[in-house]
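Asks: Data file my_file14.pdb (PDB, C-alpha atoms, pLDDT in the B column) is appended below.
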```pdb
ATOM      1  CA  MET A 285     -14.672 -16.491  12.838  1.00 61.00           C
ATOM      2  CA  ASP A 286     -11.876 -18.314  14.619  1.00 84.00           C
ATOM      3  CA  GLY A 287      -9.975 -16.722  17.495  1.00 86.00           C
ATOM      4  CA  GLN A 288      -6.783 -16.072  15.520  1.00 87.00           C
ATOM      5  CA  LEU A 289      -8.707 -14.366  12.728  1.00 91.00           C
ATOM      6  CA  LEU A 290     -10.487 -12.182  15.254  1.00 92.00           C
ATOM      7  CA  ALA A 291      -7.176 -11.313  16.932  1.00 92.00           C
ATOM      8  CA  PHE A 292      -5.627 -10.493  13.570  1.00 93.00           C
ATOM      9  CA  THR A 293      -8.543  -8.190  12.770  1.00 94.00           C
ATOM     10  CA  GLY A 294      -7.787  -6.148  15.896  1.00 93.00           C
ATOM     11  CA  VAL A 295      -4.041  -6.063  15.244  1.00 90.00           C
ATOM     12  CA  ALA A 296      -4.520  -5.146  11.582  1.00 91.00           C
ATOM     13  CA  ALA A 297      -7.057  -2.414  12.385  1.00 93.00           C
ATOM     14  CA  GLY A 298      -4.628  -0.855  14.840  1.00 91.00           C
ATOM     15  CA  MET A 299      -1.804  -1.125  12.343  1.00 88.00           C
ATOM     16  CA  VAL A 300      -3.825   0.503   9.539  1.00 91.00           C
ATOM     17  CA  ALA A 301      -5.142   3.309  11.768  1.00 92.00           C
ATOM     18  CA  MET A 302      -1.753   4.098  13.325  1.00 89.00           C
ATOM     19  CA  PRO A 303      -0.597   7.530  12.138  1.00 89.00           C
ATOM     20  CA  GLY A 304       2.481   7.463   9.951  1.00 88.00           C
ATOM     21  CA  ALA A 305       3.732   8.782   6.633  1.00 89.00           C
ATOM     22  CA  ASP A 306       0.717   7.363   4.777  1.00 92.00           C
ATOM     23  CA  PHE A 307      -1.690   9.059   7.197  1.00 94.00           C
ATOM     24  CA  ALA A 308       0.205  12.348   6.846  1.00 92.00           C
ATOM     25  CA  VAL A 309       0.144  12.342   3.048  1.00 94.00           C
ATOM     26  CA  VAL A 310      -3.596  11.539   3.000  1.00 96.00           C
ATOM     27  CA  VAL A 311      -4.343  14.391   5.415  1.00 95.00           C
ATOM     28  CA  ARG A 312      -2.097  16.840   3.551  1.00 92.00           C
ATOM     29  CA  ASN A 313      -3.751  16.076   0.215  1.00 93.00           C
ATOM     30  CA  ALA A 314      -7.242  16.023   1.750  1.00 94.00           C
ATOM     31  CA  LEU A 315      -6.615  19.585   2.939  1.00 92.00           C
ATOM     32  CA  ASP A 316      -5.989  20.435  -0.715  1.00 89.00           C
ATOM     33  CA  SER A 317      -9.253  18.783  -1.812  1.00 92.00           C
ATOM     34  CA  ARG A 318     -11.406  15.825  -0.844  1.00 93.00           C
ATOM     35  CA  ARG A 319     -10.901  14.320  -4.277  1.00 94.00           C
ATOM     36  CA  SER A 320      -7.135  14.484  -3.936  1.00 94.00           C
ATOM     37  CA  GLY A 321      -7.329  13.072  -0.398  1.00 95.00           C
ATOM     38  CA  VAL A 322      -9.476  10.120  -1.442  1.00 96.00           C
ATOM     39  CA  ALA A 323      -7.227   9.451  -4.449  1.00 96.00           C
ATOM     40  CA  THR A 324      -4.231   9.489  -2.101  1.00 96.00           C
ATOM     41  CA  ALA A 325      -6.037   7.062   0.207  1.00 96.00           C
ATOM     42  CA  VAL A 326      -6.640   4.677  -2.693  1.00 97.00           C
ATOM     43  CA  GLY A 327      -2.959   4.991  -3.594  1.00 96.00           C
ATOM     44  CA  VAL A 328      -1.969   4.118  -0.029  1.00 95.00           C
ATOM     45  CA  ALA A 329      -4.138   0.984  -0.216  1.00 95.00           C
ATOM     46  CA  GLY A 330      -2.492   0.128  -3.547  1.00 94.00           C
ATOM     47  CA  GLY A 331       0.952   0.407  -1.980  1.00 93.00           C
ATOM     48  CA  LEU A 332      -0.264  -1.743   0.878  1.00 91.00           C
ATOM     49  CA  LEU A 333      -1.462  -4.297  -1.654  1.00 91.00           C
ATOM     50  CA  ILE A 334       2.110  -4.522  -2.966  1.00 90.00           C
ATOM     51  CA  HIS A 335       3.480  -5.278   0.508  1.00 86.00           C
ATOM     52  CA  THR A 336       0.823  -7.802   1.371  1.00 87.00           C
ATOM     53  CA  ALA A 337       1.226  -9.556  -1.980  1.00 86.00           C
ATOM     54  CA  LEU A 338       4.992  -9.698  -1.427  1.00 82.00           C
ATOM     55  CA  ALA A 339       4.513 -11.168   2.025  1.00 81.00           C
ATOM     56  CA  VAL A 340       2.047 -13.738   0.746  1.00 80.00           C
ATOM     57  CA  ALA A 341       4.418 -14.702  -2.065  1.00 80.00           C
ATOM     58  CA  GLY A 342       7.356 -14.858   0.354  1.00 75.00           C
ATOM     59  CA  LEU A 343       9.307 -12.244  -1.570  1.00 60.00           C
ATOM     60  CA  ALA A 344       9.456  -9.989   1.462  1.00 61.00           C
ATOM     61  CA  ALA A 345      11.891 -12.532   2.892  1.00 66.00           C
ATOM     62  CA  VAL A 346      14.297 -11.582   0.106  1.00 70.00           C
ATOM     63  CA  LEU A 347      14.308  -7.959   1.272  1.00 61.00           C
ATOM     64  CA  VAL A 348      15.217  -9.127   4.752  1.00 63.00           C
ATOM     65  CA  ALA A 349      17.821 -11.622   3.524  1.00 75.00           C
ATOM     66  CA  VAL A 350      19.540  -9.218   1.097  1.00 77.00           C
ATOM     67  CA  PRO A 351      20.618  -6.203   3.173  1.00 76.00           C
ATOM     68  CA  GLY A 352      21.676  -4.199   0.105  1.00 81.00           C
ATOM     69  CA  LEU A 353      18.253  -4.475  -1.490  1.00 75.00           C
ATOM     70  CA  PHE A 354      16.534  -3.616   1.784  1.00 66.00           C
ATOM     71  CA  ARG A 355      18.849  -0.601   2.187  1.00 75.00           C
ATOM     72  CA  ALA A 356      18.021   0.539  -1.359  1.00 79.00           C
ATOM     73  CA  VAL A 357      14.300   0.436  -0.540  1.00 69.00           C
ATOM     74  CA  GLN A 358      14.993   2.371   2.676  1.00 67.00           C
ATOM     75  CA  LEU A 359      16.912   5.069   0.811  1.00 79.00           C
ATOM     76  CA  ALA A 360      14.304   5.336  -1.946  1.00 79.00           C
ATOM     77  CA  GLY A 361      11.511   5.653   0.627  1.00 69.00           C
ATOM     78  CA  GLY A 362      13.389   8.235   2.691  1.00 74.00           C
ATOM     79  CA  GLY A 363      14.278  10.227  -0.413  1.00 80.00           C
ATOM     80  CA  TYR A 364      10.671  10.245  -1.555  1.00 75.00           C
ATOM     81  CA  LEU A 365       9.444  11.455   1.841  1.00 69.00           C
ATOM     82  CA  LEU A 366      12.039  14.247   1.766  1.00 80.00           C
ATOM     83  CA  TYR A 367      10.836  15.200  -1.713  1.00 82.00           C
ATOM     84  CA  LEU A 368       7.205  15.358  -0.522  1.00 73.00           C
ATOM     85  CA  GLY A 369       8.214  17.464   2.490  1.00 76.00           C
ATOM     86  CA  ALA A 370      10.196  19.887   0.332  1.00 84.00           C
ATOM     87  CA  ARG A 371       7.253  20.256  -2.077  1.00 80.00           C
ATOM     88  CA  ALA A 372       4.875  20.919   0.823  1.00 74.00           C
ATOM     89  CA  LEU A 373       7.204  23.577   2.250  1.00 81.00           C
ATOM     90  CA  ALA A 374       7.626  25.167  -1.171  1.00 82.00           C
ATOM     91  CA  GLY A 375       3.841  25.354  -1.498  1.00 74.00           C
ATOM     92  CA  VAL A 376       3.541  27.092   1.870  1.00 74.00           C
ATOM     93  CA  VAL A 377       6.234  29.596   0.909  1.00 81.00           C
ATOM     94  CA  ARG A 378       4.539  30.218  -2.461  1.00 79.00           C
ATOM     95  CA  VAL A 379       1.183  30.922  -0.773  1.00 73.00           C
ATOM     96  CA  TRP A 380       2.858  33.112   1.834  1.00 77.00           C
ATOM     97  CA  HIS A 381       4.599  35.190  -0.840  1.00 75.00           C
ATOM     98  CA  ALA A 382       1.336  35.502  -2.771  1.00 74.00           C
ATOM     99  CA  GLY A 383      -0.229  37.232   0.229  1.00 65.00           C
ATOM    100  CA  GLY A 384      -1.967  34.336   1.916  1.00 55.00           C
ATOM    101  CA  ALA A 385      -4.484  31.731   0.866  1.00 49.00           C
ATOM    102  CA  GLY A 386      -7.228  32.415  -1.619  1.00 47.00           C
ATOM    103  CA  GLY A 387      -5.464  34.464  -4.291  1.00 43.00           C
ATOM    104  CA  ALA A 388      -7.207  34.555  -7.686  1.00 41.00           C
ATOM    105  CA  GLU A 389      -4.336  32.787  -9.437  1.00 42.00           C
ATOM    106  CA  GLU A 390      -4.354  30.010  -6.840  1.00 43.00           C
ATOM    107  CA  VAL A 391      -8.113  29.396  -7.172  1.00 41.00           C
ATOM    108  CA  THR A 392      -7.951  29.300 -10.982  1.00 39.00           C
ATOM    109  CA  GLU A 393      -4.986  26.931 -10.889  1.00 43.00           C
ATOM    110  CA  ALA A 394      -6.699  24.691  -8.329  1.00 47.00           C
ATOM    111  CA  GLY A 395      -9.944  24.503 -10.318  1.00 50.00           C
ATOM    112  CA  ALA A 396      -8.212  23.707 -13.586  1.00 43.00           C
ATOM    113  CA  ALA A 397      -5.886  21.116 -12.108  1.00 68.00           C
ATOM    114  CA  ALA A 398      -8.344  19.019 -10.050  1.00 75.00           C
ATOM    115  CA  PRO A 399      -7.949  15.803 -12.106  1.00 82.00           C
ATOM    116  CA  GLU A 400      -4.182  16.241 -12.186  1.00 86.00           C
ATOM    117  CA  ARG A 401      -4.124  16.761  -8.411  1.00 87.00           C
ATOM    118  CA  ALA A 402      -6.118  13.554  -7.939  1.00 90.00           C
ATOM    119  CA  VAL A 403      -3.672  11.615 -10.123  1.00 92.00           C
ATOM    120  CA  ARG A 404      -0.760  13.192  -8.239  1.00 92.00           C
ATOM    121  CA  GLY A 405      -2.413  12.226  -4.937  1.00 93.00           C
ATOM    122  CA  LEU A 406      -2.920   8.642  -6.113  1.00 94.00           C
ATOM    123  CA  ARG A 407       0.743   8.442  -7.099  1.00 93.00           C
ATOM    124  CA  GLN A 408       1.927  10.027  -3.841  1.00 93.00           C
ATOM    125  CA  GLY A 409      -0.162   7.681  -1.723  1.00 94.00           C
ATOM    126  CA  PHE A 410       1.031   4.635  -3.642  1.00 94.00           C
ATOM    127  CA  LEU A 411       4.706   5.577  -3.530  1.00 92.00           C
ATOM    128  CA  THR A 412       4.586   6.649   0.120  1.00 90.00           C
ATOM    129  CA  ASN A 413       3.326   3.225   1.119  1.00 90.00           C
ATOM    130  CA  ALA A 414       5.099   1.093  -1.506  1.00 89.00           C
ATOM    131  CA  LEU A 415       8.483   2.634  -0.625  1.00 87.00           C
ATOM    132  CA  ASN A 416       8.016   2.163   3.116  1.00 83.00           C
ATOM    133  CA  PRO A 417      10.900  -0.174   4.001  1.00 77.00           C
ATOM    134  CA  LYS A 418       9.360  -1.286   7.297  1.00 76.00           C
ATOM    135  CA  ALA A 419       6.168  -2.633   5.772  1.00 80.00           C
ATOM    136  CA  PRO A 420       7.525  -5.800   4.128  1.00 78.00           C
ATOM    137  CA  VAL A 421       9.346  -6.769   7.311  1.00 73.00           C
ATOM    138  CA  LEU A 422       6.221  -6.121   9.369  1.00 78.00           C
ATOM    139  CA  PHE A 423       4.023  -8.246   7.119  1.00 80.00           C
ATOM    140  CA  LEU A 424       6.610 -10.993   6.877  1.00 75.00           C
ATOM    141  CA  ALA A 425       6.760 -11.146  10.674  1.00 75.00           C
ATOM    142  CA  LEU A 426       3.043 -10.600  11.301  1.00 80.00           C
ATOM    143  CA  LEU A 427       1.125 -12.768   8.837  1.00 80.00           C
ATOM    144  CA  PRO A 428       2.619 -16.172   9.778  1.00 79.00           C
ATOM    145  CA  GLN A 429       1.678 -15.611  13.421  1.00 81.00           C
ATOM    146  CA  PHE A 430      -1.978 -15.879  12.450  1.00 85.00           C
ATOM    147  CA  VAL A 431      -1.786 -19.071  10.390  1.00 82.00           C
ATOM    148  CA  PRO A 432      -2.911 -21.952  12.642  1.00 83.00           C
ATOM    149  CA  ASP A 433      -1.117 -25.292  12.512  1.00 79.00           C
ATOM    150  CA  GLY A 434      -2.551 -27.554   9.872  1.00 82.00           C
ATOM    151  CA  VAL A 435      -4.089 -24.720   7.848  1.00 81.00           C
ATOM    152  CA  PRO A 436      -2.635 -24.186   4.350  1.00 83.00           C
ATOM    153  CA  ALA A 437      -0.459 -21.066   4.568  1.00 79.00           C
ATOM    154  CA  LEU A 438      -1.097 -19.537   1.139  1.00 82.00           C
ATOM    155  CA  PRO A 439      -4.892 -19.203   1.306  1.00 86.00           C
ATOM    156  CA  ARG A 440      -4.772 -18.047   4.927  1.00 87.00           C
ATOM    157  CA  THR A 441      -2.098 -15.388   4.362  1.00 86.00           C
ATOM    158  CA  ALA A 442      -3.950 -14.240   1.228  1.00 88.00           C
ATOM    159  CA  LEU A 443      -7.092 -13.802   3.346  1.00 92.00           C
ATOM    160  CA  LEU A 444      -5.158 -11.874   6.000  1.00 91.00           C
ATOM    161  CA  ALA A 445      -3.560  -9.670   3.350  1.00 90.00           C
ATOM    162  CA  ALA A 446      -6.934  -8.964   1.756  1.00 92.00           C
ATOM    163  CA  MET A 447      -8.344  -8.007   5.150  1.00 94.00           C
ATOM    164  CA  VAL A 448      -5.569  -5.426   5.644  1.00 93.00           C
ATOM    165  CA  VAL A 449      -6.121  -3.902   2.212  1.00 93.00           C
ATOM    166  CA  VAL A 450      -9.902  -3.717   2.728  1.00 96.00           C
ATOM    167  CA  MET A 451      -9.378  -2.035   6.113  1.00 96.00           C
ATOM    168  CA  ALA A 452      -7.081   0.510   4.447  1.00 95.00           C
ATOM    169  CA  LEU A 453      -9.698   1.105   1.714  1.00 96.00           C
ATOM    170  CA  ILE A 454     -12.197   1.927   4.456  1.00 97.00           C
ATOM    171  CA  TRP A 455      -9.963   3.844   6.887  1.00 97.00           C
ATOM    172  CA  PHE A 456      -7.936   6.167   4.661  1.00 97.00           C
ATOM    173  CA  PRO A 457     -10.816   7.449   2.494  1.00 97.00           C
ATOM    174  CA  ALA A 458     -12.772   8.039   5.712  1.00 97.00           C
ATOM    175  CA  VAL A 459      -9.845  10.081   7.036  1.00 96.00           C
ATOM    176  CA  ALA A 460      -9.689  12.039   3.771  1.00 96.00           C
ATOM    177  CA  LEU A 461     -13.416  12.793   3.843  1.00 95.00           C
ATOM    178  CA  LEU A 462     -13.440  13.761   7.523  1.00 94.00           C
ATOM    179  CA  VAL A 463     -10.463  16.116   7.229  1.00 88.00           C
TER
END
```
What does the file become when written as structure tokens?

Replies:
Amino acid sequence: MDGQLLAFTGVAAGMVAMPGADFAVVVRNALDSRRSGVATAVGVAGGLLIHTALAVAGLAAVLVAVPGLFRAVQLAGGGYLLYLGARALAGVVRVWHAGGAGGAEEVTEAGAAAPERAVRGLRQGFLTNALNPKAPVLFLALLPQFVPDGVPALPRTALLAAMVVVMALIWFPAVALLV
């Protein structure tokens, strides 16, 4: 492994493990159920795959070059995070009004809706990461720094992108299972 690849591995591992909105949504859904948490983690990695693919293809540069498009992604991402926060607060209020956790209705609903919760978690994880407006800029700025002179850029950036996605597929499910 060359020195730049080793350095990128450390930077990427720190970037993937850094707590943020994706970490929060995985933990929140993992507290609901392990299945939902792991599905959310896979969704986060899927959203990350979108960003890395965009960076590899050079399309992330368009988001940086077209401020209106970048702003639209920012607003969509912020709106989605507000929606998730409001839903989480509504769930807390609903449980509080029902007399605390563990009511019979809640357990029945949770047992019957496990596959739906996993699908919801997958979608939430994907959208939380895919709508993160900072990610394309980060990858656009980060990946080229680890392409040595004389090395073809496309295969190298594809390798770097794959490494980030694989790290996310290891880290976030581990978080979900440990919560």

Asks: Taking all atoms of stretch 290-303 of chain A that appear in the file, build a box with edges along x, y and z, extend it by 5 Å on every side, and state its centre and edge lengths in Å to one decimal, as JSON.

Replies:
```
{"center_x": -5.5, "center_y": -2.3, "center_z": 13.2, "size_x": 19.9, "size_y": 29.7, "size_z": 17.4}
```

Asks: Go through A:Tyr364, A:Phe423, A:Phe410, A:Phe456 one by one, measure the shortest atom-to-atom distance of each to A:Val328 using all atoms listed in the file, and give the residue with the smallest value.

Replies: A:Phe410

Asks: I'd like to see the residues matched by the PyMOL selection byres ((chain A and resi 318) around 10) on this file, and ideally I'd get them as a PyMOL selection string.

Replies: chain A and resi 310-311+313-317+319-324+402+457+459-463

Asks: Save the residues we just selected, C-alpha atoms, as a PDB file, keeping the file's coordinate frame?

Replies:
```pdb
ATOM      1  CA  VAL A 310      -3.596  11.539   3.000  1.00 96.00           C
ATOM      2  CA  VAL A 311      -4.343  14.391   5.415  1.00 95.00           C
ATOM      3  CA  ASN A 313      -3.751  16.076   0.215  1.00 93.00           C
ATOM      4  CA  ALA A 314      -7.242  16.023   1.750  1.00 94.00           C
ATOM      5  CA  LEU A 315      -6.615  19.585   2.939  1.00 92.00           C
ATOM      6  CA  ASP A 316      -5.989  20.435  -0.715  1.00 89.00           C
ATOM      7  CA  SER A 317      -9.253  18.783  -1.812  1.00 92.00           C
ATOM      8  CA  ARG A 319     -10.901  14.320  -4.277  1.00 94.00           C
ATOM      9  CA  SER A 320      -7.135  14.484  -3.936  1.00 94.00           C
ATOM     10  CA  GLY A 321      -7.329  13.072  -0.398  1.00 95.00           C
ATOM     11  CA  VAL A 322      -9.476  10.120  -1.442  1.00 96.00           C
ATOM     12  CA  ALA A 323      -7.227   9.451  -4.449  1.00 96.00           C
ATOM     13  CA  THR A 324      -4.231   9.489  -2.101  1.00 96.00           C
ATOM     14  CA  ALA A 402      -6.118  13.554  -7.939  1.00 90.00           C
ATOM     15  CA  PRO A 457     -10.816   7.449   2.494  1.00 97.00           C
ATOM     16  CA  VAL A 459      -9.845  10.081   7.036  1.00 96.00           C
ATOM     17  CA  ALA A 460      -9.689  12.039   3.771  1.00 96.00           C
ATOM     18  CA  LEU A 461     -13.416  12.793   3.843  1.00 95.00           C
ATOM     19  CA  LEU A 462     -13.440  13.761   7.523  1.00 94.00           C
ATOM     20  CA  VAL A 463     -10.463  16.116   7.229  1.00 88.00           C
TER      21      VAL A 463
END
```

Asks: For the atom pair atom CA of A:Val403 and atom CA of A:Gly304, what is the interatomic distance in Å to one decimal place?

Replies: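 Between these atoms lies a distance of 21.4 Å.
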
Asks: Could you give me, as a list in words, the residues within 12 Å of A:Leu444, counting all atoms listed in the file and dropping anything in the same chain fewer than 6 positions from it?

Replies: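 Within the cut-off, the hits are Gln288, Leu289, Leu290, Ala291, Phe292, Thr293, Gly294, Val295, Ala296, Ala297, Leu333, Thr336, Ala337, Ala339, Val340, Phe423, Leu424, Leu426, Leu427, Pro428, Gln429, Phe430, Val431, Ala437, Leu438, Val450 and Met451 of chain A.
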
Asks: Step by step, work through what the PyMOL selection byres ((chain A and resi 305) around 12) selects in the shown file, and finish by giving those residues as an mmCIF file with C-alpha atoms, in the coordinates of the input.

Replies:
```
data_model
loop_
_atom_site.group_PDB
_atom_site.id
_atom_site.type_symbol
_atom_site.label_atom_id
_atom_site.label_comp_id
_atom_site.auth_asym_id
_atom_site.auth_seq_id
_atom_site.Cartn_x
_atom_site.Cartn_y
_atom_site.Cartn_z
ATOM 1 C CA VAL A 300 -3.825 0.503 9.539
ATOM 2 C CA ALA A 301 -5.142 3.309 11.768
ATOM 3 C CA MET A 302 -1.753 4.098 13.325
ATOM 4 C CA PRO A 303 -0.597 7.530 12.138
ATOM 5 C CA GLY A 304 2.481 7.463 9.951
ATOM 6 C CA ASP A 306 0.717 7.363 4.777
ATOM 7 C CA PHE A 307 -1.690 9.059 7.197
ATOM 8 C CA ALA A 308 0.205 12.348 6.846
ATOM 9 C CA VAL A 309 0.144 12.342 3.048
ATOM 10 C CA VAL A 310 -3.596 11.539 3.000
ATOM 11 C CA VAL A 311 -4.343 14.391 5.415
ATOM 12 C CA ARG A 312 -2.097 16.840 3.551
ATOM 13 C CA THR A 324 -4.231 9.489 -2.101
ATOM 14 C CA ALA A 325 -6.037 7.062 0.207
ATOM 15 C CA VAL A 328 -1.969 4.118 -0.029
ATOM 16 C CA GLY A 361 11.511 5.653 0.627
ATOM 17 C CA GLY A 362 13.389 8.235 2.691
ATOM 18 C CA TYR A 364 10.671 10.245 -1.555
ATOM 19 C CA LEU A 365 9.444 11.455 1.841
ATOM 20 C CA LEU A 366 12.039 14.247 1.766
ATOM 21 C CA LEU A 368 7.205 15.358 -0.522
ATOM 22 C CA GLY A 369 8.214 17.464 2.490
ATOM 23 C CA GLN A 408 1.927 10.027 -3.841
ATOM 24 C CA GLY A 409 -0.162 7.681 -1.723
ATOM 25 C CA PHE A 410 1.031 4.635 -3.642
ATOM 26 C CA LEU A 411 4.706 5.577 -3.530
ATOM 27 C CA THR A 412 4.586 6.649 0.120
ATOM 28 C CA ASN A 413 3.326 3.225 1.119
ATOM 29 C CA ALA A 414 5.099 1.093 -1.506
ATOM 30 C CA LEU A 415 8.483 2.634 -0.625
ATOM 31 C CA ASN A 416 8.016 2.163 3.116
ATOM 32 C CA PRO A 417 10.900 -0.174 4.001
ATOM 33 C CA LYS A 418 9.360 -1.286 7.297
ATOM 34 C CA ALA A 419 6.168 -2.633 5.772
#
```

Asks: Rounded to one decimal, what separation in Å do you get between atom CA of A:Arg404 and atom CA of A:Ile334?

Replies: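 Atom CA of A:Ile334 lies 18.7 Å from atom CA of A:Arg404.
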
Asks: How many Å lie between atom CA of A:Met299 and atom CA of A:Val448, rounded to one decimal?

Replies: 8.8 Å
